[in-house]
$ cat target_13.txt   # compact mmCIF, C-alpha atoms and all ligand atoms
# COMPACT_ATOMS: atom_id res chain seq x y z
CA MET Q 16 106.83 99.66 110.46
CA TRP Q 17 110.13 97.95 111.12
CA ALA Q 18 109.54 95.64 114.05
CA THR Q 19 108.18 92.13 113.67
CA VAL Q 20 105.99 92.98 116.64
CA LYS Q 21 104.21 95.61 114.55
CA VAL Q 22 103.52 93.10 111.79
CA THR Q 23 102.22 90.33 114.04
CA SER Q 24 100.01 92.78 115.91
CA LEU Q 25 97.86 93.21 112.80
CA PRO Q 26 95.70 90.06 113.22
CA LEU Q 27 94.85 91.22 116.73
CA TYR Q 28 93.59 94.49 115.36
CA LEU Q 29 91.57 92.66 112.71
CA ARG Q 30 90.02 90.34 115.27
CA ARG Q 31 88.97 93.35 117.28
CA ARG Q 32 87.36 94.75 114.12
CA GLU Q 33 85.49 91.51 113.49
CA PHE Q 34 84.32 91.50 117.06
CA LEU Q 35 82.97 95.03 116.64
CA ALA Q 36 81.29 94.04 113.38
CA LEU Q 37 79.58 91.15 115.14
CA GLY Q 38 78.18 93.52 117.72
CA ALA Q 39 76.87 95.76 114.96
CA GLY Q 40 74.89 93.25 112.90
CA GLY Q 41 75.52 89.59 113.71
CA VAL Q 42 77.81 87.31 111.70
CA VAL Q 43 75.76 86.90 108.55
CA GLY Q 44 74.16 90.33 108.59
CA GLY Q 45 77.51 91.97 109.20
CA ALA Q 46 79.16 90.13 106.33
CA VAL Q 47 76.35 90.86 103.89
CA MET Q 48 76.23 94.48 104.92
CA SER Q 49 79.93 94.95 104.38
CA LEU Q 50 79.77 93.53 100.86
CA SER Q 51 76.69 95.28 99.59
CA PHE Q 52 77.87 98.88 99.77
CA ALA Q 53 80.64 100.30 97.62
CA ARG Q 54 81.15 103.02 100.20
CA PRO Q 55 80.46 102.03 103.79
CA ALA Q 56 78.34 104.43 105.78
CA LEU Q 57 80.29 106.90 107.87
CA SER Q 58 80.10 105.81 111.46
CA GLY Q 59 78.09 107.67 114.11
CA SER Q 60 79.90 110.58 115.70
CA GLU Q 61 82.40 110.88 112.88
CA PRO Q 62 83.49 112.74 110.93
CA SER Q 63 83.10 116.26 112.26
CA LEU Q 64 85.54 117.87 109.84
CA PRO Q 65 84.18 120.37 107.31
CA PRO Q 66 83.15 119.10 103.87
CA LEU Q 67 85.10 120.23 100.80
CA PRO Q 68 82.53 121.37 98.24
CA ASN Q 69 82.44 121.09 94.43
CA LEU Q 70 84.65 118.06 94.07
CA LYS Q 71 85.00 116.56 90.63
CA LYS Q 72 86.11 112.98 90.07
CA GLY Q 73 89.78 112.64 89.19
CA PRO Q 74 91.32 110.08 86.81
CA PHE Q 75 92.33 106.46 87.47
CA GLY Q 76 89.77 105.89 90.21
CA THR Q 77 88.98 102.36 91.38
CA ASP Q 78 85.44 101.18 92.09
CA GLU Q 79 86.63 98.68 94.70
CA ARG Q 80 84.98 98.85 98.08
CA GLN Q 81 86.30 101.78 100.04
CA THR Q 82 87.88 101.23 103.43
CA SER Q 83 85.76 102.66 106.24
CA TYR Q 84 86.44 106.18 107.50
CA GLU Q 85 86.99 104.67 110.94
CA ASP Q 86 89.80 102.41 109.69
CA ILE Q 87 91.41 105.04 107.48
CA THR Q 88 91.59 107.41 110.44
CA HIS Q 89 92.43 104.97 113.25
CA TYR Q 90 94.98 102.65 111.68
CA ASN Q 91 97.81 105.03 110.86
CA ASN Q 92 101.54 105.43 110.65
CA TYR Q 93 102.68 108.88 111.73
CA TYR Q 94 105.68 108.44 113.98
CA GLU Q 95 105.70 112.12 114.96
CA PHE Q 96 102.72 111.15 117.14
CA GLY Q 97 103.85 107.70 118.27
CA THR Q 98 104.70 104.33 116.77
CA ASP Q 99 101.45 102.44 117.41
CA LYS Q 100 98.75 102.40 114.75
CA THR Q 101 96.29 104.05 117.14
CA ASP Q 102 98.69 106.75 118.39
CA PRO Q 103 98.16 109.30 115.59
CA ALA Q 104 94.36 109.39 116.07
CA ALA Q 105 94.84 109.76 119.81
CA HIS Q 106 97.70 112.27 119.87
CA ALA Q 107 97.35 114.42 116.75
CA VAL Q 108 93.84 115.78 117.46
CA ALA Q 109 94.98 119.10 118.93
CA PHE Q 110 97.94 119.59 116.59
CA PRO Q 111 97.57 123.07 115.00
CA THR Q 112 97.63 122.97 111.19
CA ARG Q 113 97.01 126.72 110.72
CA PRO Q 114 98.82 128.96 110.07
CA TRP Q 115 100.98 126.68 107.92
CA LYS Q 116 103.50 127.82 105.36
CA VAL Q 117 104.73 125.61 102.57
CA THR Q 118 108.06 126.60 101.02
CA PHE Q 119 108.99 125.82 97.42
CA GLU Q 120 112.69 126.23 96.68
CA GLY Q 121 115.74 125.01 94.81
CA GLU Q 122 115.83 124.48 91.05
CA ILE Q 123 112.65 126.37 90.12
CA LYS Q 124 112.00 129.71 88.45
CA ASN Q 125 109.35 130.72 91.00
CA PRO Q 126 110.59 129.93 94.53
CA GLN Q 127 108.18 131.09 97.23
CA SER Q 128 106.52 130.44 100.58
CA VAL Q 129 102.74 130.12 100.53
CA GLU Q 130 100.17 129.84 103.27
CA VAL Q 131 98.43 126.50 102.73
CA ASP Q 132 94.93 128.05 102.42
CA GLU Q 133 96.28 130.23 99.63
CA LEU Q 134 97.78 127.16 97.91
CA LEU Q 135 94.37 125.47 98.05
CA LYS Q 136 92.94 128.24 95.85
CA TRP Q 137 95.43 127.57 93.06
CA PHE Q 138 93.83 124.37 91.80
CA PRO Q 139 90.39 122.76 91.73
CA LEU Q 140 90.16 119.90 94.21
CA GLU Q 141 89.37 116.40 92.94
CA GLU Q 142 88.30 113.16 94.54
CA ARG Q 143 90.75 110.36 93.74
CA ILE Q 144 89.88 106.87 94.91
CA TYR Q 145 93.18 105.03 95.16
CA ARG Q 146 94.34 101.63 96.32
CA MET Q 147 97.08 102.15 98.89
CA ARG Q 148 99.54 99.52 100.11
CA CYS Q 149 101.91 99.63 103.03
CA VAL Q 150 105.27 97.82 103.06
CA GLU Q 151 103.86 96.00 106.12
CA ALA Q 152 101.59 94.10 103.66
CA TRP Q 153 98.25 95.65 104.49
CA SER Q 154 96.23 97.75 102.07
CA MET Q 155 93.26 100.11 101.93
CA VAL Q 156 91.10 101.86 99.33
CA ILE Q 157 91.01 105.56 100.15
CA PRO Q 158 88.88 108.33 98.63
CA TRP Q 159 91.43 111.13 98.77
CA VAL Q 160 90.73 114.76 97.97
CA GLY Q 161 93.53 116.82 96.52
CA PHE Q 162 95.15 118.21 93.42
CA SER Q 163 97.71 116.95 90.96
CA LEU Q 164 101.28 117.60 92.12
CA GLY Q 165 102.24 117.89 88.44
CA ASP Q 166 100.00 120.97 88.04
CA LEU Q 167 101.75 122.61 90.98
CA ILE Q 168 105.21 121.72 89.66
CA ARG Q 169 104.44 123.18 86.23
CA LYS Q 170 103.40 126.42 87.91
CA LEU Q 171 106.69 126.55 89.83
CA GLU Q 172 108.65 126.02 86.57
CA PRO Q 173 111.54 123.67 87.33
CA THR Q 174 114.90 124.55 85.76
CA PRO Q 175 116.62 121.98 83.51
CA ARG Q 176 118.77 121.03 86.50
CA ALA Q 177 115.79 119.80 88.55
CA LYS Q 178 115.84 115.98 88.46
CA TYR Q 179 114.33 115.11 91.86
CA VAL Q 180 111.84 116.58 94.32
CA ALA Q 181 112.68 116.47 98.05
CA PHE Q 182 109.88 116.80 100.61
CA THR Q 183 110.26 117.72 104.29
CA SER Q 184 107.71 117.30 107.09
CA ARG Q 185 107.18 119.75 109.93
CA LEU Q 186 109.72 119.70 112.74
CA ASP Q 187 107.96 120.68 115.98
CA PRO Q 188 109.00 118.48 118.92
CA ALA Q 189 106.90 120.53 121.36
CA ARG Q 190 103.69 119.64 119.52
CA MET Q 191 104.80 116.39 117.88
CA PRO Q 192 105.68 114.27 120.92
CA GLY Q 193 107.14 111.44 118.85
CA GLN Q 194 109.94 113.80 117.80
CA GLN Q 195 111.15 113.95 121.41
CA ARG Q 196 112.50 110.45 120.88
CA ARG Q 197 114.99 109.52 118.22
CA VAL Q 198 112.93 106.68 116.74
CA LEU Q 199 113.57 108.31 113.36
CA ASP Q 200 115.96 110.97 112.14
CA TRP Q 201 113.72 114.08 112.33
CA PRO Q 202 112.28 115.75 110.37
CA TYR Q 203 110.76 113.03 108.18
CA VAL Q 204 111.97 113.43 104.59
CA GLU Q 205 110.99 111.80 101.30
CA GLY Q 206 111.75 112.18 97.62
CA LEU Q 207 110.58 111.39 94.10
CA ARG Q 208 112.19 111.55 90.71
CA LEU Q 209 110.77 114.55 88.81
CA ASP Q 210 108.92 112.34 86.31
CA GLU Q 211 107.31 110.41 89.17
CA ALA Q 212 106.32 113.66 90.87
CA THR Q 213 104.69 115.02 87.71
CA HIS Q 214 102.89 111.76 86.85
CA PRO Q 215 99.13 112.42 86.70
CA LEU Q 216 98.50 109.82 89.45
CA THR Q 217 100.65 111.71 91.98
CA LEU Q 218 98.54 113.71 94.35
CA PHE Q 219 98.93 116.37 97.01
CA ALA Q 220 96.09 115.38 99.34
CA VAL Q 221 94.19 117.80 101.56
CA GLY Q 222 91.13 115.73 102.37
CA LEU Q 223 89.46 112.34 102.45
CA TYR Q 224 85.88 111.13 102.17
CA GLY Q 225 84.96 114.57 100.83
CA ARG Q 226 86.11 116.34 103.98
CA VAL Q 227 89.13 118.20 105.32
CA LEU Q 228 92.08 115.87 105.99
CA PRO Q 229 92.23 114.63 109.60
CA ASN Q 230 95.48 115.44 111.40
CA GLN Q 231 96.40 111.78 111.76
CA ASN Q 232 96.31 111.38 107.97
CA GLY Q 233 98.77 114.21 107.42
CA ALA Q 234 96.94 117.55 107.53
CA PRO Q 235 97.18 120.06 106.13
CA LEU Q 236 99.09 118.60 103.17
CA ARG Q 237 100.46 115.13 102.38
CA LEU Q 238 101.80 113.27 99.40
CA VAL Q 239 99.96 110.30 97.85
CA VAL Q 240 101.75 108.03 95.35
CA PRO Q 241 99.50 105.01 94.92
CA TRP Q 242 101.97 102.70 93.13
CA LYS Q 243 104.53 102.99 95.93
CA TYR Q 244 104.62 101.68 99.48
CA GLY Q 245 102.76 103.91 101.95
CA PHE Q 246 105.88 105.36 103.54
CA LYS Q 247 106.52 107.49 100.44
CA GLY Q 248 103.33 109.38 101.35
CA ILE Q 249 104.97 112.00 103.54
CA LYS Q 250 102.61 113.86 105.88
CA GLY Q 251 102.56 117.39 107.29
CA ILE Q 252 104.66 118.79 104.43
CA THR Q 253 106.37 122.16 104.99
CA LYS Q 254 109.06 122.20 102.33
CA VAL Q 255 109.40 121.07 98.72
CA ARG Q 256 112.87 121.43 97.23
CA PHE Q 257 113.84 120.75 93.61
CA VAL Q 258 117.29 119.19 93.36
CA GLU Q 259 119.77 117.66 90.95
CA ARG Q 260 120.63 114.52 92.93
CA GLU Q 261 118.59 111.78 94.56
CA PRO Q 262 117.65 113.15 98.00
CA PRO Q 263 117.86 111.17 101.26
CA THR Q 264 114.64 109.52 102.47
CA THR Q 265 113.80 108.70 106.09
CA TRP Q 266 113.24 104.95 105.89
CA ASN Q 267 116.14 104.38 103.53
CA ARG Q 268 118.42 106.18 105.99
CA MET Q 269 117.03 104.15 108.86
CA ALA Q 270 117.40 100.70 107.21
CA PRO Q 271 118.93 100.94 103.71
CA ASN Q 272 118.79 97.17 103.13
CA GLU Q 273 115.03 97.12 103.85
CA TYR Q 274 113.67 100.33 102.29
CA GLY Q 275 114.91 101.70 98.99
CA PHE Q 276 114.47 105.09 97.38
CA TYR Q 277 111.98 103.83 94.79
CA ALA Q 278 109.74 101.75 97.08
CA ASN Q 279 107.55 100.63 94.17
CA VAL Q 280 105.01 98.01 95.22
CA ASN Q 281 106.58 94.82 93.90
CA PRO Q 282 105.28 91.35 94.82
CA ALA Q 283 108.42 89.81 93.26
CA VAL Q 284 110.87 91.50 95.60
CA ASP Q 285 110.47 90.40 99.21
CA HIS Q 286 111.25 92.62 102.13
CA PRO Q 287 114.28 90.99 103.85
CA ARG Q 288 112.06 89.92 106.77
CA TRP Q 289 108.76 89.07 105.08
CA SER Q 290 107.11 88.33 101.73
CA GLN Q 291 105.51 91.05 99.63
CA ALA Q 292 103.52 88.57 97.50
CA LYS Q 293 100.24 89.06 99.35
CA GLU Q 294 98.46 91.71 101.35
CA ARG Q 295 95.60 92.00 103.77
CA ARG Q 296 93.02 94.57 102.77
CA ILE Q 297 91.98 96.23 106.02
CA GLY Q 298 88.41 95.12 106.76
CA GLU Q 299 88.78 91.83 104.85
CA PHE Q 300 89.59 88.38 106.16
CA PHE Q 301 91.35 86.62 103.28
CA LYS Q 302 94.63 87.84 101.85
CA ARG Q 303 94.83 89.13 98.31
CA LYS Q 304 97.64 88.82 95.81
CA THR Q 305 99.69 91.97 95.60
CA LEU Q 306 99.82 93.39 92.08
CA PRO Q 307 102.94 94.91 90.47
CA PHE Q 308 102.94 98.66 91.04
CA ASN Q 309 99.88 98.07 93.23
CA GLY Q 310 97.75 97.55 90.10
CA TYR Q 311 98.89 100.76 88.40
CA ALA Q 312 101.47 99.10 86.10
CA ASP Q 313 99.70 100.23 82.91
CA GLN Q 314 99.94 103.83 84.03
CA VAL Q 315 103.46 103.90 85.53
CA GLY Q 316 105.41 100.87 84.24
CA HIS Q 317 107.08 102.94 81.51
CA LEU Q 318 108.77 105.15 84.13
CA TYR Q 319 110.97 102.21 85.11
CA GLU Q 320 111.67 100.59 81.77
CA GLY Q 321 115.21 99.24 81.61
CA MET Q 322 115.74 99.53 85.36
CA ASP Q 323 116.66 96.47 87.42
CA LEU Q 324 113.84 96.60 89.95
CA LYS Q 325 115.59 94.12 92.23
CA ARG Q 326 118.43 96.58 92.61
CA PHE Q 327 116.36 99.76 92.55
CA TYR Q 328 113.76 98.64 95.08
N1 LIG Q 401 105.71 112.67 108.35
C1 LIG Q 401 105.41 111.37 108.25
N2 LIG Q 401 104.82 110.91 107.14
C2 LIG Q 401 104.50 109.58 107.03
C3 LIG Q 401 104.80 108.66 108.06
C4 LIG Q 401 105.43 109.20 109.24
O1 LIG Q 401 105.72 108.46 110.21
N3 LIG Q 401 105.70 110.53 109.30
N4 LIG Q 401 104.51 107.32 107.91
C5 LIG Q 401 104.38 106.83 106.52
C6 LIG Q 401 103.85 105.47 106.44
S1 LIG Q 401 104.90 104.22 106.90
C7 LIG Q 401 102.62 105.17 105.91
S2 LIG Q 401 102.10 103.57 105.67
C8 LIG Q 401 101.67 106.26 105.57
C9 LIG Q 401 100.35 106.01 106.29
O2 LIG Q 401 99.39 106.95 105.89
P1 LIG Q 401 97.94 106.84 106.53
O3 LIG Q 401 98.09 106.78 108.02
O4 LIG Q 401 97.20 108.07 106.09
O5 LIG Q 401 97.31 105.58 105.99
O6 LIG Q 401 102.16 107.55 105.94
C10 LIG Q 401 103.53 107.76 105.65
N5 LIG Q 401 103.88 109.15 105.88
MO MO Q 402 104.00 102.20 105.92
$ encode --input "target_13.txt" --output "structure tokens"
Amino acid sequence: MWATVKVTSLPLYLRRREFLALGAGGVVGGAVMSLSFARPALSGSEPSLPPLPNLKKGPFGTDERQTSYEDITHYNNYYEFGTDKTDPAAHAVAFPTRPWKVTFEGEIKNPQSVEVDELLKWFPLEERIYRMRCVEAWSMVIPWVGFSLGDLIRKLEPTPRAKYVAFTSRLDPARMPGQQRRVLDWPYVEGLRLDEATHPLTLFAVGLYGRVLPNQNGAPLRLVVPWKYGFKGIKGITKVRFVEREPPTTWNRMAPNEYGFYANVNPAVDHPRWSQAKERRIGEFFKRKTLPFNGYADQVGHLYEGMDLKRFY
């Protein structure tokens, strides 16, 4: 995420993808194939994870071509399992995600710890097809499965003092080998303002492509905020705390001049070391223009009215 090396390694990955595509169908055939399906076929052996039945379609979905299951599950950032894009798929397979308690605490009327399977019974699961964009200037279209974080928050009943929501990932150095090195300040933490957290776009995801969430994508529970850079989407969540003040966030702590608390996708505010004006959609060759709030400005722009987005990046 931080190193220039990581950014320049992307074209190599893409070339490997094109090479594989060539093998699959030839240049022309491969290109035509990839354009003619809205949802690419799931590849061969994958996925083996159980399907999540009775999904209804959630709001704000995009009908853009969905990124392949293979790419969504093999091009990941999850530093608890290593810093290379392929590390999470390789090293998170055996990570146990049950039993798994999630604790809700702080400024709420109903603090409690819940086993994640119990939590899943509280709300109907929806499919939400969202554009996602990483601060590293690549993007994907991901068919998430989950439920609205706002519904959960209303059930927990925040007190008037609750202004922010602070999320904490699992700390388990024995099973999360990346935590044995101090590449980040463990555990990974993130935060949202309460109005961002209760926005109808904000999702607690538990699956993708209609199936249980793979470990490398943050099982059993991860945050998805499609108008913000990918790093806000904290994985392997164990604690949700409602607080009065803006909570610390992992990447902001690590490099405050590069990663702000808000992290709204903003093509007009460059990262100090690279432009944010364009992005490469994984699986595509040509770059696209990055849209303000990742294309969700109509839905979320009002949350930031009057704020100087160059200062609150
Ligand atoms: N716990 C934890 N959550 C995390 C990360 C991480 O390293 N640890 N990486 C973040 C970053 S930088 C991105 S881009 C997204 C990637 O999500 P994906 O691999 O499902 O696409 O996860 C985010 N959530
Ligand atoms: Mo990221």
$ residues_around --input "target_13.txt" --residues "Q:Gly161" --least-positions-apart "5" --cutoff "12 Å" --atoms "all atoms listed in the file" --output "ChimeraX atom specification"
/Q:67,70-73,134-145,166-167,216-228,234-239
$ residues_near_ligand --input "target_13.txt" --ligand "ligand MO 402 (chain Q)" --cutoff "6 Å" --atoms "all atoms listed in the file" --output "list of chain:residue names"
Q:Met16, Q:Cys149, Q:Val150, Q:Gly245, Q:Phe246
$ axis_aligned_box --input "target_13.txt" --around "ligand LIG 401 (chain Q)" --padding-each-side "3 Å" --output "AutoDock Vina command-line options"
--center_x 101.5 --center_y 108.1 --center_z 107.9 --size_x 14.5 --size_y 15.1 --size_z 10.6
$ residues_near_ligand --input "target_13.txt" --ligand "ligand LIG 401 (chain Q)" --cutoff "9 Å" --atoms "all atoms listed in the file" --output "compact mmCIF listing (two decimals) with C-alpha atoms, in the frame of the given file"
# COMPACT_ATOMS: atom_id res chain seq x y z
CA MET Q 16 106.83 99.66 110.46
CA ASP Q 86 89.80 102.41 109.69
CA ILE Q 87 91.41 105.04 107.48
CA THR Q 88 91.59 107.41 110.44
CA HIS Q 89 92.43 104.97 113.25
CA TYR Q 90 94.98 102.65 111.68
CA ASN Q 91 97.81 105.03 110.86
CA ASN Q 92 101.54 105.43 110.65
CA TYR Q 93 102.68 108.88 111.73
CA TYR Q 94 105.68 108.44 113.98
CA GLU Q 95 105.70 112.12 114.96
CA PHE Q 96 102.72 111.15 117.14
CA GLY Q 97 103.85 107.70 118.27
CA THR Q 98 104.70 104.33 116.77
CA LYS Q 100 98.75 102.40 114.75
CA PRO Q 103 98.16 109.30 115.59
CA MET Q 147 97.08 102.15 98.89
CA ARG Q 148 99.54 99.52 100.11
CA CYS Q 149 101.91 99.63 103.03
CA VAL Q 150 105.27 97.82 103.06
CA GLU Q 151 103.86 96.00 106.12
CA TRP Q 153 98.25 95.65 104.49
CA SER Q 154 96.23 97.75 102.07
CA MET Q 155 93.26 100.11 101.93
CA ILE Q 157 91.01 105.56 100.15
CA THR Q 183 110.26 117.72 104.29
CA SER Q 184 107.71 117.30 107.09
CA ARG Q 185 107.18 119.75 109.93
CA LEU Q 199 113.57 108.31 113.36
CA PRO Q 202 112.28 115.75 110.37
CA TYR Q 203 110.76 113.03 108.18
CA VAL Q 204 111.97 113.43 104.59
CA GLU Q 205 110.99 111.80 101.30
CA PRO Q 229 92.23 114.63 109.60
CA GLN Q 231 96.40 111.78 111.76
CA ASN Q 232 96.31 111.38 107.97
CA GLY Q 233 98.77 114.21 107.42
CA ARG Q 237 100.46 115.13 102.38
CA LEU Q 238 101.80 113.27 99.40
CA VAL Q 239 99.96 110.30 97.85
CA TYR Q 244 104.62 101.68 99.48
CA GLY Q 245 102.76 103.91 101.95
CA PHE Q 246 105.88 105.36 103.54
CA LYS Q 247 106.52 107.49 100.44
CA GLY Q 248 103.33 109.38 101.35
CA ILE Q 249 104.97 112.00 103.54
CA LYS Q 250 102.61 113.86 105.88
CA GLY Q 251 102.56 117.39 107.29
CA ILE Q 252 104.66 118.79 104.43
CA THR Q 265 113.80 108.70 106.09
CA TRP Q 266 113.24 104.95 105.89
$ residues_around --input "target_13.txt" --residues "Q:Arg296" --least-positions-apart "2" --cutoff "10 Å" --atoms "only C-alpha atoms" --output "VMD selection string"
chain Q and resid 82 146 to 148 152 to 156 293 to 294 298 to 303
$ write_last_selection --input "target_13.txt" --atoms "C-alpha atoms" --output "PDB file, in the frame of the given file"
ATOM      1  CA  THR Q  82      87.880 101.230 103.430  1.00  0.00           C
ATOM      2  CA  ARG Q 146      94.340 101.630  96.320  1.00  0.00           C
ATOM      3  CA  MET Q 147      97.080 102.150  98.890  1.00  0.00           C
ATOM      4  CA  ARG Q 148      99.540  99.520 100.110  1.00  0.00           C
ATOM      5  CA  ALA Q 152     101.590  94.100 103.660  1.00  0.00           C
ATOM      6  CA  TRP Q 153      98.250  95.650 104.490  1.00  0.00           C
ATOM      7  CA  SER Q 154      96.230  97.750 102.070  1.00  0.00           C
ATOM      8  CA  MET Q 155      93.260 100.110 101.930  1.00  0.00           C
ATOM      9  CA  VAL Q 156      91.100 101.860  99.330  1.00  0.00           C
ATOM     10  CA  LYS Q 293     100.240  89.060  99.350  1.00  0.00           C
ATOM     11  CA  GLU Q 294      98.460  91.710 101.350  1.00  0.00           C
ATOM     12  CA  GLY Q 298      88.410  95.120 106.760  1.00  0.00           C
ATOM     13  CA  GLU Q 299      88.780  91.830 104.850  1.00  0.00           C
ATOM     14  CA  PHE Q 300      89.590  88.380 106.160  1.00  0.00           C
ATOM     15  CA  PHE Q 301      91.350  86.620 103.280  1.00  0.00           C
ATOM     16  CA  LYS Q 302      94.630  87.840 101.850  1.00  0.00           C
ATOM     17  CA  ARG Q 303      94.830  89.130  98.310  1.00  0.00           C
TER      18      ARG Q 303
END
$ atom_distance --input "target_13.txt" --atom1 "atom CA of Q:Ala212" --atom2 "atom CA of Q:Pro114"
25.7 Å
$ closest_residue --input "target_13.txt" --among "Q:Ser163, Q:Thr101, Q:Gln195, Q:Thr118" --to "Q:Pro74" --atoms "only C-alpha atoms"
Q:Ser163
$ atom_distance --input "target_13.txt" --atom1 "atom CA of Q:Asp187" --atom2 "atom CA of Q:Ala270"
23.8 Å
$ residues_around --input "target_13.txt" --residues "Q:His317" --least-positions-apart "6" --cutoff "12 Å" --atoms "all atoms listed in the file" --output "list in words"
Asp210, Glu211, His214, Phe308 and Tyr311 of chain Q
$ write_last_selection --input "target_13.txt" --atoms "C-alpha atoms" --output "mmCIF file, in the coordinates of the input"
data_model
loop_
_atom_site.group_PDB
_atom_site.id
_atom_site.type_symbol
_atom_site.label_atom_id
_atom_site.label_comp_id
_atom_site.auth_asym_id
_atom_site.auth_seq_id
_atom_site.Cartn_x
_atom_site.Cartn_y
_atom_site.Cartn_z
ATOM 1 C CA ASP Q 210 108.920 112.340 86.310
ATOM 2 C CA GLU Q 211 107.310 110.410 89.170
ATOM 3 C CA HIS Q 214 102.890 111.760 86.850
ATOM 4 C CA PHE Q 308 102.940 98.660 91.040
ATOM 5 C CA TYR Q 311 98.890 100.760 88.400
#
$ closest_residue --input "target_13.txt" --among "Q:Thr253, Q:Thr264, Q:Thr112, Q:Thr213" --to "Q:Tyr277" --atoms "all atoms listed in the file"
Q:Thr264
$ atom_distance --input "target_13.txt" --atom1 "atom CA of Q:Val129" --atom2 "atom CA of Q:Pro68"
22.1 Å
$ closest_residue --input "target_13.txt" --among "Q:Leu207, Q:Ala189, Q:Leu318, Q:Ala105" --to "Q:Gly275" --atoms "all atoms listed in the file"
Q:Leu207
$ closest_residue --input "target_13.txt" --among "Q:Phe75, Q:Tyr179, Q:Phe257, Q:Trp201" --to "Q:Asn125" --atoms "all atoms listed in the file"
Q:Phe257
$ closest_residue --input "target_13.txt" --among "Q:Met191, Q:Val280, Q:Val258, Q:Lys325" --to "Q:Lys178" --atoms "only C-alpha atoms"
Q:Val258
$ residues_near_point --input "target_13.txt" --point "(105.0, 93.1, 97.6)" --cutoff "7 Å" --atoms "only C-alpha atoms" --output "PyMOL selection string"
chain Q and resi 280-285+290-293+305
$ closest_residue --input "target_13.txt" --among "Q:Asn230, Q:Thr77, Q:Gln194, Q:Thr174" --to "Q:Ala109" --atoms "only C-alpha atoms"
Q:Asn230
$ residues_around --input "target_13.txt" --residues "Q:Pro173" --least-positions-apart "2" --cutoff "6 Å" --atoms "all atoms listed in the file" --output "short mmCIF file (atom, residue, chain, number, x, y, z; two decimals) with C-alpha atoms, in the coordinates of the input"
data_model
loop_
_atom_site.label_atom_id
_atom_site.label_comp_id
_atom_site.auth_asym_id
_atom_site.auth_seq_id
_atom_site.Cartn_x
_atom_site.Cartn_y
_atom_site.Cartn_z
CA GLU Q 122 115.83 124.48 91.05
CA ILE Q 123 112.65 126.37 90.12
CA ALA Q 177 115.79 119.80 88.55
#
$ decode --input "target_13.txt" --residues "stretch 109-120 of chain Q" --atoms "N, CA and C atoms" --output "PDB file, in the first residue's frame"
ATOM      1  N   ALA Q 109      -6.363 -21.339   6.213  1.00  0.00           N
ATOM      2  CA  ALA Q 109      -6.650 -22.165   7.389  1.00  0.00           C
ATOM      3  C   ALA Q 109      -7.028 -21.327   8.611  1.00  0.00           C
ATOM      4  N   PHE Q 110      -7.103 -20.033   8.445  1.00  0.00           N
ATOM      5  CA  PHE Q 110      -7.429 -19.155   9.583  1.00  0.00           C
ATOM      6  C   PHE Q 110      -8.846 -19.463  10.095  1.00  0.00           C
ATOM      7  N   PRO Q 111      -8.985 -19.789  11.407  1.00  0.00           N
ATOM      8  CA  PRO Q 111     -10.316 -20.153  11.913  1.00  0.00           C
ATOM      9  C   PRO Q 111     -11.199 -18.927  12.161  1.00  0.00           C
ATOM     10  N   THR Q 112     -12.364 -18.909  11.538  1.00  0.00           N
ATOM     11  CA  THR Q 112     -13.273 -17.759  11.709  1.00  0.00           C
ATOM     12  C   THR Q 112     -14.499 -18.121  12.556  1.00  0.00           C
ATOM     13  N   ARG Q 113     -14.472 -19.315  13.167  1.00  0.00           N
ATOM     14  CA  ARG Q 113     -15.502 -19.724  14.127  1.00  0.00           C
ATOM     15  C   ARG Q 113     -14.811 -20.493  15.238  1.00  0.00           C
ATOM     16  N   PRO Q 114     -15.235 -20.350  16.515  1.00  0.00           N
ATOM     17  CA  PRO Q 114     -16.174 -19.331  16.970  1.00  0.00           C
ATOM     18  C   PRO Q 114     -15.573 -17.938  16.829  1.00  0.00           C
ATOM     19  N   TRP Q 115     -16.447 -16.918  16.764  1.00  0.00           N
ATOM     20  CA  TRP Q 115     -15.974 -15.547  16.552  1.00  0.00           C
ATOM     21  C   TRP Q 115     -16.967 -14.586  17.207  1.00  0.00           C
ATOM     22  N   LYS Q 116     -16.506 -13.953  18.249  1.00  0.00           N
ATOM     23  CA  LYS Q 116     -17.383 -12.999  18.944  1.00  0.00           C
ATOM     24  C   LYS Q 116     -17.155 -11.590  18.419  1.00  0.00           C
ATOM     25  N   VAL Q 117     -18.236 -10.863  18.285  1.00  0.00           N
ATOM     26  CA  VAL Q 117     -18.132  -9.444  17.953  1.00  0.00           C
ATOM     27  C   VAL Q 117     -18.700  -8.661  19.136  1.00  0.00           C
ATOM     28  N   THR Q 118     -17.922  -7.706  19.626  1.00  0.00           N
ATOM     29  CA  THR Q 118     -18.329  -6.932  20.803  1.00  0.00           C
ATOM     30  C   THR Q 118     -18.779  -5.531  20.398  1.00  0.00           C
ATOM     31  N   PHE Q 119     -19.936  -5.136  20.875  1.00  0.00           N
ATOM     32  CA  PHE Q 119     -20.453  -3.784  20.652  1.00  0.00           C
ATOM     33  C   PHE Q 119     -20.436  -3.064  21.988  1.00  0.00           C
ATOM     34  N   GLU Q 120     -19.779  -1.906  22.045  1.00  0.00           N
ATOM     35  CA  GLU Q 120     -19.597  -1.244  23.343  1.00  0.00           C
ATOM     36  C   GLU Q 120     -19.506   0.272  23.194  1.00  0.00           C
TER      37      GLU Q 120
END
